[in-house]
Amino acid sequence: MGQKKEQWGSRWGFILASIGMAIGTGNIWRFPRVAAANGGGPFIIAWTIALFVWAIPLLMGEMVMGKKTGLGTIGAFRDFVGRKYTWMGTWIAAVCIGIMFYYSVVMGWCVKYFTLAVGGAFKSELDTVATQAIWNTFTTTPSQTILFHLISITIAGFIIYRGVSAGIEKASKIMIPTLFVLLIIAVIRSLTLEGALQGLEYLFSPKLEMLAEPKIWLEAFTQAAWSTGAGWGFIITYSVYTSHKEDIAGNCMIMGMGDHIGALVAGMTVLPAIFALSPTQEIANQALTSNHTGLTFIYLAQLFTKMPAGGLLAAVFFLAMAIAALSSLLPMIEVGVRNFMDAGMTRKKATTYILVLGFLFGIPSAYSLNFLDNQDWVWGVGLLVSGLFVAFALIKYGIEKARSKEINTQWADFKVGKWWNWCIGLFPVFFVWVTGWWFIQAISWYPDNWWHPFEVFSAGTIIFQWAILIVIALLTNNWLADKIGKGRYSENNIYDALENK
């Protein structure tokens with residue numbers, strides 16, 4: 001089937017697309033907020049450690065699976081782990097697509113605020129009450145939120161429709177350098193504000209004694225997991241299109257560090273601006289502890305108006321947000337498209353199906369912020385389960401076998417030591433630690449009805465929705481295992497190769 005012959009035009013095309021996958025809206029605002037809430041410097045230390053013991057090892061593992069099998073998540077688990085584990089690949093694909101439904105809505109917010117900034121809506125006399133009113137008016141007008149959701153998924157769909165080299169790669173070669181240029185413009189302007197150094201001091205002051213606090217490590221590991229896209233199925237999918245001689249370790253190191261640098265630049269933009277433009281330290285701290293959407297779309301929109309050329313910087317910031325969202329939305333769509341293609345569809349037909357599903361199932365999140373928050377909560381934590389499944393696949397395949405035969409190849413520029421084996425082997429422990437913490441948090445929020453499946457942030461809603469997906473994945477295991485075509489590592493292909501020798 002011709003669609004399986006698609007390939008990245010260059011190594012850097014793959015790397016840029018992968019960095020774009022990792023750098024999303026979470027880097028531009030979630031990282032600065034979480035870093036600030038956890039002491040700045042000590043969080044950055046813990047987060048950097050998490051990058052090397054959690055995120056990068058998982059990225060390498062995903063690339064091994066995608067490159068080895070030449071199939072999307074469902075086929076990769078069937079061939080790499082065993083037919084009876086096909087359902088794990090279904091879980092990963094479904095979680096990723098579930099996030100895609102509401103992530104397109106979030107991109108729509110960024111596009112809307114970019115148009116507002118360009119149109120001069122953020123005027124110097126605006127206060128937080130006024131920007132709150134702008135936000136409330138927009139998010140409670142379904143015709144607007146659904147329209148910008150449609151615009152966002154259509155833009156992403158057009159790129160995916162064009163294919164890997166002509167679509168994703170070309171777009172990434174434009175978007176990622178543009179994103180970094182926009183962030184650099186923003187950080188330069190932010191750091192030249194009076195009082196900005198206070199924000200830098202807060203972000204980078206080590207405060208080593210705070211490293212003894214478990215919460216900082218838990219938040220750091222969570223940020224590393226969600227920020228880099230490790231265990232999401234993105235790299236399994238993108239690796240299908242890589243060449244046989246691709247350097248797994250080197251590429252994944254560049255991806256991880258690119259994501260790291262993007263987050264740090266965003267932190268150096270946002271925190272100094274907050275400290276410089278807030279009337280008092282108390283107001284700055286209040287802003288930093290507010291929720292994600294509240295700060296980005298309400299507070300910052302108002303702060304930009306107090307800078308010289310603030311309207312321009314607001315446009316730059318929200319354009320960067322929109323590009324970051326688009327670069328992460330693309331692989332979410334591609335995960336679904338790749339699995340449909342593995343089942344025999346053409347790229348055009350698969351893309352059309354995923355776009356229609358994405359638009360229709362994204363409407364509830366565009367209509368209700370509570371619904372969006374619930375889906376983000378359920379499937380955001382579900383990504384940790386996806387990472388566990390990838391680690392399980394590598395353990396079953398053989399961690400040392402994967403390291404020595406698939407990663408440390410003769411053409412690899414970067415050789416990985418046995419530290420990688422330890423990181424993958426200990427991943428189930430990390431998973432229990434981080435996921436257990438999240439469940440304890442959720443139960444503490446709803447001590448009397450934590451089990452309720454229709455509370456926005458309850459543990460019960462996670463268990464209820466996860467159970468539905470697991471049952472569906474298990475029931476369709478054999479059907480999907482039969483439906484997915486042959487890959488590079490499929491049993492029948494191995495037998496065919498032996499017979500042809």
# chains A, B, ... in the order shown; residues from 1 in each chain; ligands from 1
call {"tool": "closest_atom_pairs", "arguments": {"of": "stretch 362-460 of chain A", "to": "stretch 37-53 of chain A", "cutoff": "12 Å", "atoms": "only C-alpha atoms", "output": "tab-separated table"}}
result
residue	atom	partner	partner_atom	distance
A:Val416	CA	A:Phe52	CA	11.8
A:Lys418	CA	A:Val53	CA	11.9
A:Trp419	CA	A:Val53	CA	8.4
A:Trp420	CA	A:Val53	CA	7.7
A:Asn421	CA	A:Val53	CA	10.2
A:Trp422	CA	A:Val53	CA	8.7
A:Cys423	CA	A:Val53	CA	5.5
A:Ile424	CA	A:Val53	CA	8.3
A:Gly425	CA	A:Val53	CA	10.8
A:Leu426	CA	A:Val53	CA	9.3
A:Phe427	CA	A:Val53	CA	8.9
A:Phe430	CA	A:Val53	CA	9.8
A:Val434	CA	A:Ala50	CA	11.8
call {"tool": "write_last_selection", "arguments": {"atoms": "N, CA and C atoms", "output": "short mmCIF file (atom, residue, chain, number, x, y, z; two decimals), in the first residue's frame"}}
result
data_model
loop_
_atom_site.label_atom_id
_atom_site.label_comp_id
_atom_site.auth_asym_id
_atom_site.auth_seq_id
_atom_site.Cartn_x
_atom_site.Cartn_y
_atom_site.Cartn_z
N VAL A 416 23.99 4.82 24.32
CA VAL A 416 23.28 4.87 25.59
C VAL A 416 23.81 3.80 26.52
N LYS A 418 23.84 1.72 30.46
CA LYS A 418 22.85 0.90 31.14
C LYS A 418 21.94 1.71 32.06
N TRP A 419 22.23 2.99 32.21
CA TRP A 419 21.32 3.85 32.96
C TRP A 419 19.93 3.81 32.34
N TRP A 420 19.88 3.65 31.01
CA TRP A 420 18.59 3.59 30.32
C TRP A 420 17.79 2.37 30.78
N ASN A 421 18.48 1.23 30.93
CA ASN A 421 17.81 0.01 31.40
C ASN A 421 17.15 0.26 32.75
N TRP A 422 17.89 0.93 33.65
CA TRP A 422 17.37 1.19 34.99
C TRP A 422 16.15 2.11 34.94
N CYS A 423 16.22 3.12 34.10
CA CYS A 423 15.11 4.07 34.02
C CYS A 423 13.83 3.39 33.53
N ILE A 424 13.96 2.56 32.49
CA ILE A 424 12.78 1.86 31.98
C ILE A 424 12.30 0.82 32.99
N GLY A 425 13.22 0.11 33.61
CA GLY A 425 12.85 -0.92 34.59
C GLY A 425 12.15 -0.35 35.80
N LEU A 426 12.54 0.89 36.18
CA LEU A 426 11.94 1.52 37.36
C LEU A 426 10.69 2.33 37.03
N PHE A 427 10.33 2.38 35.75
CA PHE A 427 9.20 3.20 35.35
C PHE A 427 7.91 2.82 36.08
N PHE A 430 7.92 4.65 39.27
CA PHE A 430 7.62 6.07 39.05
C PHE A 430 6.12 6.26 38.82
N VAL A 434 3.73 8.70 41.03
CA VAL A 434 3.12 9.92 40.49
C VAL A 434 1.61 9.77 40.39
#
call {"tool": "select_by_dssp", "arguments": {"residues": "stretch 107-301 of chain A", "states": "helix (DSSP H, G or I)", "output": "VMD selection string"}}
result
chain A and resid 107 to 118 128 to 139 142 to 161 164 to 191 196 to 204 208 to 212 214 to 228 234 to 239 248 to 277 281 to 288 292 to 301
call {"tool": "residues_around", "arguments": {"residues": "A:Val240", "least_positions_apart": "6", "cutoff": "9 Å", "atoms": "only C-alpha atoms", "output": "count of residues only"}}
result
12
call {"tool": "closest_atom_pairs", "arguments": {"of": "stretch 336-441 of chain A", "to": "stretch 135-149 of chain A", "cutoff": "8 Å", "atoms": "only C-alpha atoms", "output": "tab-separated table"}}
result
residue	atom	partner	partner_atom	distance
A:Phe359	CA	A:His149	CA	7.3
A:Gly362	CA	A:His149	CA	7.6
A:Ile363	CA	A:Ile146	CA	6.3
A:Ala366	CA	A:Thr145	CA	5.4
A:Tyr367	CA	A:Pro142	CA	5.3
A:Ser368	CA	A:Thr140	CA	7.9
A:Leu369	CA	A:Thr139	CA	7.6
call {"tool": "atom_distance", "arguments": {"atom1": "atom CA of A:Val381", "atom2": "atom CA of A:Trp226"}}
result
9.0 Å
call {"tool": "closest_residue", "arguments": {"among": "A:Met321, A:Ile468, A:Ile395, A:Ala249", "to": "A:Ala412", "atoms": "only C-alpha atoms"}}
result
A:Ala249
call {"tool": "residues_around", "arguments": {"residues": "A:Tyr446", "least_positions_apart": "3", "cutoff": "10 Å", "atoms": "only C-alpha atoms", "output": "ChimeraX atom specification"}}
result
/A:441-443,449-452,455,457-460
call {"tool": "write_last_selection", "arguments": {"atoms": "N, CA, C and O atoms", "output": "mmCIF file, in the first residue's frame"}}
result
data_model
loop_
_atom_site.group_PDB
_atom_site.id
_atom_site.type_symbol
_atom_site.label_atom_id
_atom_site.label_comp_id
_atom_site.auth_asym_id
_atom_site.auth_seq_id
_atom_site.Cartn_x
_atom_site.Cartn_y
_atom_site.Cartn_z
ATOM 1 N N GLN A 441 -4.611 13.368 45.670
ATOM 2 C CA GLN A 441 -5.019 14.759 45.519
ATOM 3 C C GLN A 441 -6.511 14.849 45.197
ATOM 4 O O GLN A 441 -7.252 15.640 45.784
ATOM 5 N N ALA A 442 -6.943 14.033 44.224
ATOM 6 C CA ALA A 442 -8.338 14.074 43.776
ATOM 7 C C ALA A 442 -9.292 13.700 44.903
ATOM 8 O O ALA A 442 -10.361 14.304 45.055
ATOM 9 N N ILE A 443 -8.924 12.701 45.691
ATOM 10 C CA ILE A 443 -9.779 12.272 46.809
ATOM 11 C C ILE A 443 -9.874 13.373 47.866
ATOM 12 O O ILE A 443 -10.929 13.601 48.456
ATOM 13 N N ASN A 449 -17.500 12.657 48.153
ATOM 14 C CA ASN A 449 -18.013 12.027 46.931
ATOM 15 C C ASN A 449 -16.930 11.898 45.861
ATOM 16 O O ASN A 449 -17.167 12.147 44.684
ATOM 17 N N TRP A 450 -15.724 11.510 46.283
ATOM 18 C CA TRP A 450 -14.606 11.335 45.356
ATOM 19 C C TRP A 450 -14.910 10.285 44.301
ATOM 20 O O TRP A 450 -14.329 10.281 43.212
ATOM 21 N N TRP A 451 -15.823 9.381 44.615
ATOM 22 C CA TRP A 451 -16.167 8.284 43.722
ATOM 23 C C TRP A 451 -17.145 8.697 42.620
ATOM 24 O O TRP A 451 -17.391 7.953 41.666
ATOM 25 N N HIS A 452 -17.712 9.906 42.717
ATOM 26 C CA HIS A 452 -18.788 10.323 41.814
ATOM 27 C C HIS A 452 -18.262 10.469 40.380
ATOM 28 O O HIS A 452 -17.339 11.242 40.128
ATOM 29 N N GLU A 455 -18.408 14.301 38.756
ATOM 30 C CA GLU A 455 -17.688 15.459 39.285
ATOM 31 C C GLU A 455 -16.543 15.786 38.324
ATOM 32 O O GLU A 455 -15.890 14.880 37.804
ATOM 33 N N PHE A 457 -13.436 16.984 38.619
ATOM 34 C CA PHE A 457 -12.063 16.572 38.932
ATOM 35 C C PHE A 457 -11.992 15.419 39.945
ATOM 36 O O PHE A 457 -11.019 15.301 40.676
ATOM 37 N N SER A 458 -12.990 14.576 39.985
ATOM 38 C CA SER A 458 -12.985 13.492 40.974
ATOM 39 C C SER A 458 -12.167 12.302 40.500
ATOM 40 O O SER A 458 -11.922 12.131 39.296
ATOM 41 N N ALA A 459 -11.757 11.472 41.451
ATOM 42 C CA ALA A 459 -11.106 10.208 41.100
ATOM 43 C C ALA A 459 -12.111 9.280 40.432
ATOM 44 O O ALA A 459 -11.762 8.495 39.544
ATOM 45 N N GLY A 460 -13.379 9.381 40.855
ATOM 46 C CA GLY A 460 -14.421 8.522 40.294
ATOM 47 C C GLY A 460 -14.623 8.719 38.805
ATOM 48 O O GLY A 460 -14.856 7.750 38.071
#
call {"tool": "closest_residue", "arguments": {"among": "A:Trp479, A:Tyr489, A:Pro447, A:Lys245", "to": "A:Phe80", "atoms": "only C-alpha atoms"}}
result
A:Tyr489
call {"tool": "residues_around", "arguments": {"residues": "stretch 355-357 of chain A", "least_positions_apart": "6", "cutoff": "8 Å", "atoms": "only C-alpha atoms", "output": "MDAnalysis selection string"}}
result
chainID A and resid 153:154 157 333
call {"tool": "atom_distance", "arguments": {"atom1": "atom CA of A:Lys123", "atom2": "atom CA of A:Gly311"}}
result
7.6 Å
call {"tool": "atom_distance", "arguments": {"atom1": "atom CA of A:Ile440", "atom2": "atom CA of A:Thr25"}}
result
26.4 Å
call {"tool": "residues_around", "arguments": {"residues": "A:Thr409", "least_positions_apart": "4", "cutoff": "12 Å", "atoms": "only C-alpha atoms", "output": "short mmCIF file (atom, residue, chain, number, x, y, z; two decimals) with N, CA, C and O atoms, in the first residue's frame"}}
result
data_model
loop_
_atom_site.label_atom_id
_atom_site.label_comp_id
_atom_site.auth_asym_id
_atom_site.auth_seq_id
_atom_site.Cartn_x
_atom_site.Cartn_y
_atom_site.Cartn_z
N VAL A 64 11.99 3.17 19.30
CA VAL A 64 12.35 1.77 19.02
C VAL A 64 11.13 1.03 18.46
O VAL A 64 11.22 0.33 17.45
N HIS A 244 15.94 3.55 8.17
CA HIS A 244 16.47 2.43 8.96
C HIS A 244 17.68 2.86 9.80
O HIS A 244 17.91 2.32 10.88
N LYS A 245 18.42 3.84 9.32
CA LYS A 245 19.65 4.24 10.00
C LYS A 245 19.49 5.48 10.89
O LYS A 245 20.47 6.13 11.22
N GLU A 246 18.29 5.76 11.29
CA GLU A 246 18.06 6.92 12.15
C GLU A 246 18.68 6.71 13.53
O GLU A 246 18.60 5.61 14.10
N ASP A 247 19.30 7.76 14.06
CA ASP A 247 19.93 7.70 15.38
C ASP A 247 18.89 7.94 16.46
O ASP A 247 18.47 9.08 16.69
N ILE A 248 18.45 6.89 17.13
CA ILE A 248 17.37 6.99 18.11
C ILE A 248 17.77 7.86 19.30
O ILE A 248 17.06 8.81 19.66
N ALA A 249 18.89 7.54 19.92
CA ALA A 249 19.28 8.26 21.13
C ALA A 249 19.56 9.74 20.85
O ALA A 249 19.10 10.62 21.59
N GLY A 250 20.31 10.01 19.80
CA GLY A 250 20.65 11.40 19.47
C GLY A 250 19.41 12.23 19.18
O GLY A 250 19.27 13.36 19.67
N LYS A 401 18.12 -5.95 25.24
CA LYS A 401 18.04 -6.25 23.80
C LYS A 401 17.70 -4.99 23.01
O LYS A 401 18.30 -4.71 21.97
N ALA A 402 16.74 -4.22 23.52
CA ALA A 402 16.35 -2.98 22.84
C ALA A 402 17.51 -1.98 22.84
O ALA A 402 17.76 -1.31 21.83
N ARG A 403 18.21 -1.87 23.96
CA ARG A 403 19.33 -0.92 24.05
C ARG A 403 20.48 -1.30 23.14
O ARG A 403 21.00 -0.47 22.38
N SER A 404 20.88 -2.56 23.20
CA SER A 404 22.08 -2.99 22.48
C SER A 404 21.86 -3.18 20.98
O SER A 404 22.73 -2.89 20.17
N LYS A 405 20.65 -3.62 20.60
CA LYS A 405 20.42 -3.95 19.19
C LYS A 405 19.65 -2.86 18.43
O LYS A 405 19.85 -2.72 17.22
N ASP A 413 25.17 8.08 16.64
CA ASP A 413 26.17 9.05 17.08
C ASP A 413 26.28 9.07 18.60
O ASP A 413 27.33 9.40 19.15
N PHE A 414 25.19 8.73 19.27
CA PHE A 414 25.13 8.79 20.73
C PHE A 414 24.83 7.40 21.27
O PHE A 414 23.81 6.80 20.93
N LYS A 415 25.73 6.85 22.05
CA LYS A 415 25.56 5.52 22.64
C LYS A 415 24.96 5.65 24.04
O LYS A 415 25.40 6.47 24.84
N VAL A 416 23.99 4.82 24.32
CA VAL A 416 23.28 4.87 25.59
C VAL A 416 23.81 3.80 26.52
O VAL A 416 23.96 2.63 26.15
#
call {"tool": "closest_residue", "arguments": {"among": "A:Gly485, A:Ala17, A:Asn370, A:Val432", "to": "A:Glu169", "atoms": "only C-alpha atoms"}}
result
A:Ala17
call {"tool": "closest_atom_pairs", "arguments": {"of": "stretch 67-154 of chain A", "to": "stretch 297-310 of chain A", "cutoff": "8 Å", "atoms": "only C-alpha atoms", "output": "Markdown table"}}
result
| residue | atom | partner | partner_atom | distance |
| --- | --- | --- | --- | --- |
| A:Tyr113 | CA | A:Phe297 | CA | 7.7 |
| A:Phe122 | CA | A:Thr305 | CA | 6.2 |
| A:Lys123 | CA | A:Thr305 | CA | 5.8 |
| A:Ser124 | CA | A:Thr305 | CA | 4.6 |
| A:Glu125 | CA | A:Thr305 | CA | 7.8 |
| A:Leu126 | CA | A:Gln302 | CA | 6.3 |
| A:Asp127 | CA | A:Gln302 | CA | 6.0 |
| A:Thr128 | CA | A:Gln302 | CA | 6.0 |
| A:Thr131 | CA | A:Ile298 | CA | 5.2 |
| A:Gln132 | CA | A:Ile298 | CA | 5.4 |
| A:Trp135 | CA | A:Ile298 | CA | 6.6 |
call {"tool": "write_last_selection", "arguments": {"atoms": "C-alpha atoms", "output": "PDB file, in the first residue's frame"}}
result
ATOM      1  CA  TYR A 113      -6.984  36.056  21.155  1.00  0.00           C
ATOM      2  CA  PHE A 122      -6.493  45.054  24.419  1.00  0.00           C
ATOM      3  CA  LYS A 123      -6.329  48.780  25.118  1.00  0.00           C
ATOM      4  CA  SER A 124      -4.236  50.463  27.801  1.00  0.00           C
ATOM      5  CA  GLU A 125      -7.212  51.403  29.965  1.00  0.00           C
ATOM      6  CA  LEU A 126      -8.366  47.798  30.360  1.00  0.00           C
ATOM      7  CA  ASP A 127      -8.205  46.274  33.818  1.00  0.00           C
ATOM      8  CA  THR A 128      -8.573  42.662  34.919  1.00  0.00           C
ATOM      9  CA  THR A 131     -10.341  41.257  30.312  1.00  0.00           C
ATOM     10  CA  GLN A 132     -12.354  38.838  32.468  1.00  0.00           C
ATOM     11  CA  TRP A 135     -12.994  35.988  28.297  1.00  0.00           C
TER      12      TRP A 135
END
call {"tool": "residues_around", "arguments": {"residues": "A:Val181", "least_positions_apart": "5", "cutoff": "12 Å", "atoms": "only C-alpha atoms", "output": "PyMOL selection string"}}
result
chain A and resi 174-176+186-188+262+265-266+316-317+319-320+323
